[in-house]
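Worksheet: one structure, shown below.
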Amino acid sequence: MAPPATGLPGRWRRCRPAPGQDRAGDGAAERGHTIEPVPDTAGIVLAGGRSSRMGTPKAALEWHGSTLLRRTTGILARVTCGPVLVVRAPGQELPALPPQVEVVTDPAEGLGPVQGLAAGLAALSGRADIAFVSSTDMPFLHPAFVRRVLRAAAAGADVALPVARGYPQPLAAAYRVALAPVVTRLVGEQRLRPAFLFEQCQVTRLDEAALRADPVLAALDPDLDSVINVNSPDGYAGARARPAPEVTVQLFGTLAGGHRGPRPVRAATVAAAAAATGVALDGHVVAALNAAQVTRDGEMPLAAGDTVFFLSAGAAG
């Protein structure tokens with residue numbers, strides 16, 4: 001196998017599939033579950049909740065050497081082509097985030113997720129058509145789930161709303177950015193439940209069968225753990241005790257040391273995958289995720305089914 005193509009600029013991605021590549025998702029399984037980003041989309045992470053049941057800010061909770069907020073923003077960045085925004089409460093401190101993640105401050109505190117949705121959609125006006133909106137505390141969110149939901153909205157709906165694990169999931173859903181004025185009006189009217197928005201727009205509801213109709217999602221997140229959130233210390237402890245995702249690592253050039261074959265490891269970040277194979281992720285080494293996204297960011301999140309290639313920076317060009 002040849003080393004992956006590198007030298008990708010900026011956000012290290014192709015935002016539009018090459019001719020014949022994964023336009024419908026059917027070929028992804030044969031290519032190591034590569035998940036192409038969805039054009040004209042962005043991400044919004046709502047971080048302004050009070051975390052009253054948790055007793056400490058959920059955004060900063062440790063997650064396999066990173067934080068919950070860093071993981072969620074990184075997963076959305078892998079699937080969207082536009083900005084990834086974090087909406088915070090006034091004066092709220094956030095953990096460290098990559099420079100490309102933008103922070104938007106709610107104009108008012110304590111009005112719930114619909115207020116955060118209004119702020120996030122307004123900030124994306126003219127910059128994307130559709131946004132995947134997530135809460136901070138979804139540690140098992142999978143890129144394949146995000147892509148499935150975004151594509152459902154791209155087919156023409158105003159909202160693509162998953163209905164999974166027994167409940168509608170408005171904080172794991174996709175929304176048209178053009179809904180911003182409607183959501184802002186609802187906030188002004190103190191109509192702060194997502195159901196009020198759904199009454200006024202076209203909603204595609206994705207039940208579990210519809211979600212699993214995507215073969216890659218069915219293979220990589222069969223139980224739809226993507227929608228699990230952590231609201232209490234016990235819930236967080238139970239989620240954190242789960243093993244990290246199973247990914248594949250392959251080394252090239254001098255890093256291989258005679259062992260060129262793929263190796264399965266458990267790792268939630270690029271840095272953890274490097275450590276599991278004895279690679280020092282320093283200025284002399286780069287990682288290529290699924291042969292498409294090149295990074296030196298050790299906190300870049302990994303998900304089940306990923307393949308990480310490590311090679312020397314000189315070889316990357």
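Each chain of the structure tokens is named A, B, ... in the order shown, its residues numbered from 1; ligands are numbered from 1 in display order.
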Determine, using only C-alpha atoms, which residues of region 29-102 of chain A have any atom at most 10 Å from an atom of region 114-124 of chain A, and tabulate each with its shortest atom pair and distance in Å to one decimal place, rows ordered by chain and then rising number, as a Markdown table.
| residue | atom | partner | partner_atom | distance |
| --- | --- | --- | --- | --- |
| A:Thr41 | CA | A:Leu124 | CA | 9.7 |
| A:Ala42 | CA | A:Leu124 | CA | 7.9 |
| A:Gly43 | CA | A:Gly120 | CA | 8.9 |
| A:Ile44 | CA | A:Gly120 | CA | 6.3 |
| A:Val45 | CA | A:Gly120 | CA | 8.4 |
| A:Leu46 | CA | A:Gly116 | CA | 6.2 |
| A:Ala47 | CA | A:Gly116 | CA | 8.5 |
| A:Gly48 | CA | A:Gly116 | CA | 7.5 |
| A:Gly49 | CA | A:Gly116 | CA | 9.4 |
| A:Gly82 | CA | A:Leu124 | CA | 8.9 |
| A:Pro83 | CA | A:Leu124 | CA | 7.9 |
| A:Val84 | CA | A:Leu124 | CA | 9.4 |
| A:Leu85 | CA | A:Gly120 | CA | 7.0 |
| A:Val86 | CA | A:Gly120 | CA | 7.9 |
| A:Val87 | CA | A:Gly116 | CA | 6.1 |
| A:Arg88 | CA | A:Gly116 | CA | 7.8 |
| A:Ala89 | CA | A:Gly116 | CA | 8.5 |
| A:Glu102 | CA | A:Ala123 | CA | 9.8 |
Can I get the selected residues back with C-alpha atoms, as an mmCIF file, in the first residue's frame?
data_model
loop_
_atom_site.group_PDB
_atom_site.id
_atom_site.type_symbol
_atom_site.label_atom_id
_atom_site.label_comp_id
_atom_site.auth_asym_id
_atom_site.auth_seq_id
_atom_site.Cartn_x
_atom_site.Cartn_y
_atom_site.Cartn_z
ATOM 1 C CA THR A 41 -22.896 22.428 6.203
ATOM 2 C CA ALA A 42 -21.648 23.685 9.561
ATOM 3 C CA GLY A 43 -21.693 22.610 13.196
ATOM 4 C CA ILE A 44 -23.120 24.174 16.345
ATOM 5 C CA VAL A 45 -22.308 22.898 19.836
ATOM 6 C CA LEU A 46 -24.476 24.262 22.642
ATOM 7 C CA ALA A 47 -22.269 24.617 25.710
ATOM 8 C CA GLY A 48 -24.246 27.107 27.773
ATOM 9 C CA GLY A 49 -26.220 24.701 29.941
ATOM 10 C CA GLY A 82 -18.310 25.233 7.084
ATOM 11 C CA PRO A 83 -17.539 26.713 10.492
ATOM 12 C CA VAL A 84 -17.953 24.874 13.765
ATOM 13 C CA LEU A 85 -19.367 27.179 16.445
ATOM 14 C CA VAL A 86 -19.585 26.826 20.209
ATOM 15 C CA VAL A 87 -22.438 28.779 21.794
ATOM 16 C CA ARG A 88 -21.679 29.641 25.409
ATOM 17 C CA ALA A 89 -23.462 31.505 28.194
ATOM 18 C CA GLU A 102 -15.517 29.910 16.690
#
Exercise. Could you give me the residues within region 3-188 of chain A that DSSP places in strand (DSSP E), as a ChimeraX atom specification?
Key: /A:41-46,62-63,66-67,84-88,101-105,130-135,159-164,167-168,172-176
Exercise. Please identify all polymer residues within 7 Å of region 140-143 of chain A, counting only C-alpha atoms, omitting same-chain residues fewer than 2 positions from it, and present them as number ranges by chain.
Key: A: 75, 78-79, 138, 145-147, 225-228, 303
Written selection (C-alpha atoms) as a PDB file, in the first residue's frame:
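New file selection-v2.pdb:
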ATOM      1  CA  ILE A  75     -16.324  15.200  15.424  1.00  0.00           C
ATOM      2  CA  ARG A  78     -14.742  16.055  10.449  1.00  0.00           C
ATOM      3  CA  VAL A  79     -18.123  15.952   8.696  1.00  0.00           C
ATOM      4  CA  MET A 138     -22.408  13.376  23.602  1.00  0.00           C
ATOM      5  CA  PHE A 145     -24.421   9.563  12.435  1.00  0.00           C
ATOM      6  CA  VAL A 146     -23.770  13.263  11.816  1.00  0.00           C
ATOM      7  CA  ARG A 147     -23.491  12.660   8.084  1.00  0.00           C
ATOM      8  CA  ASP A 225     -24.864   5.298  20.958  1.00  0.00           C
ATOM      9  CA  SER A 226     -24.333   8.627  19.186  1.00  0.00           C
ATOM     10  CA  VAL A 227     -27.369  10.042  20.999  1.00  0.00           C
ATOM     11  CA  ILE A 228     -26.246   9.066  24.514  1.00  0.00           C
ATOM     12  CA  ALA A 303     -14.261   7.066  16.144  1.00  0.00           C
TER      13      ALA A 303
END
Practice problem: Go through A:Val249, A:Ala77, A:Ala172, A:Ala209 and flag the residue nearest Val308 (chain A), using only C-alpha atoms for the distances. | Solution: A:Val249
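With CA of Ile130 (chain A) on one side and CA of Ala210 (chain A) on the other, the separation reads 19.6 Å.
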Practice problem: Pick out the residues sitting within 8 Å of Asp214 (chain A), and hand them over as a ChimeraX atom specification; count only C-alpha atoms, and ignore anything fewer than 3 positions along from it in its own chain. | Solution: /A:25,148,210-211,217-218
Can you spit out the residues from that selection as a CSV table (one decimal), in the first residue's frame, using N, CA and C atoms?
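Written file, part_5.csv:
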chain,number,residue,atom,x,y,z
A,25,GLY,N,-22.7,7.3,-0.1
A,25,GLY,CA,-22.3,6.6,1.1
A,25,GLY,C,-22.1,5.1,0.9
A,148,ARG,N,-25.4,11.1,8.3
A,148,ARG,CA,-26.7,10.6,7.9
A,148,ARG,C,-27.8,11.7,8.2
A,210,ALA,N,-34.6,4.1,9.8
A,210,ALA,CA,-34.2,5.1,8.8
A,210,ALA,C,-32.7,5.4,9.0
A,211,LEU,N,-32.3,5.6,10.3
A,211,LEU,CA,-30.9,5.9,10.6
A,211,LEU,C,-30.0,4.7,10.1
A,217,LEU,N,-23.3,3.7,9.0
A,217,LEU,CA,-23.8,4.0,10.4
A,217,LEU,C,-24.2,2.7,11.0
A,218,ALA,N,-24.9,1.8,10.3
A,218,ALA,CA,-25.3,0.5,10.8
A,218,ALA,C,-24.1,-0.3,11.3
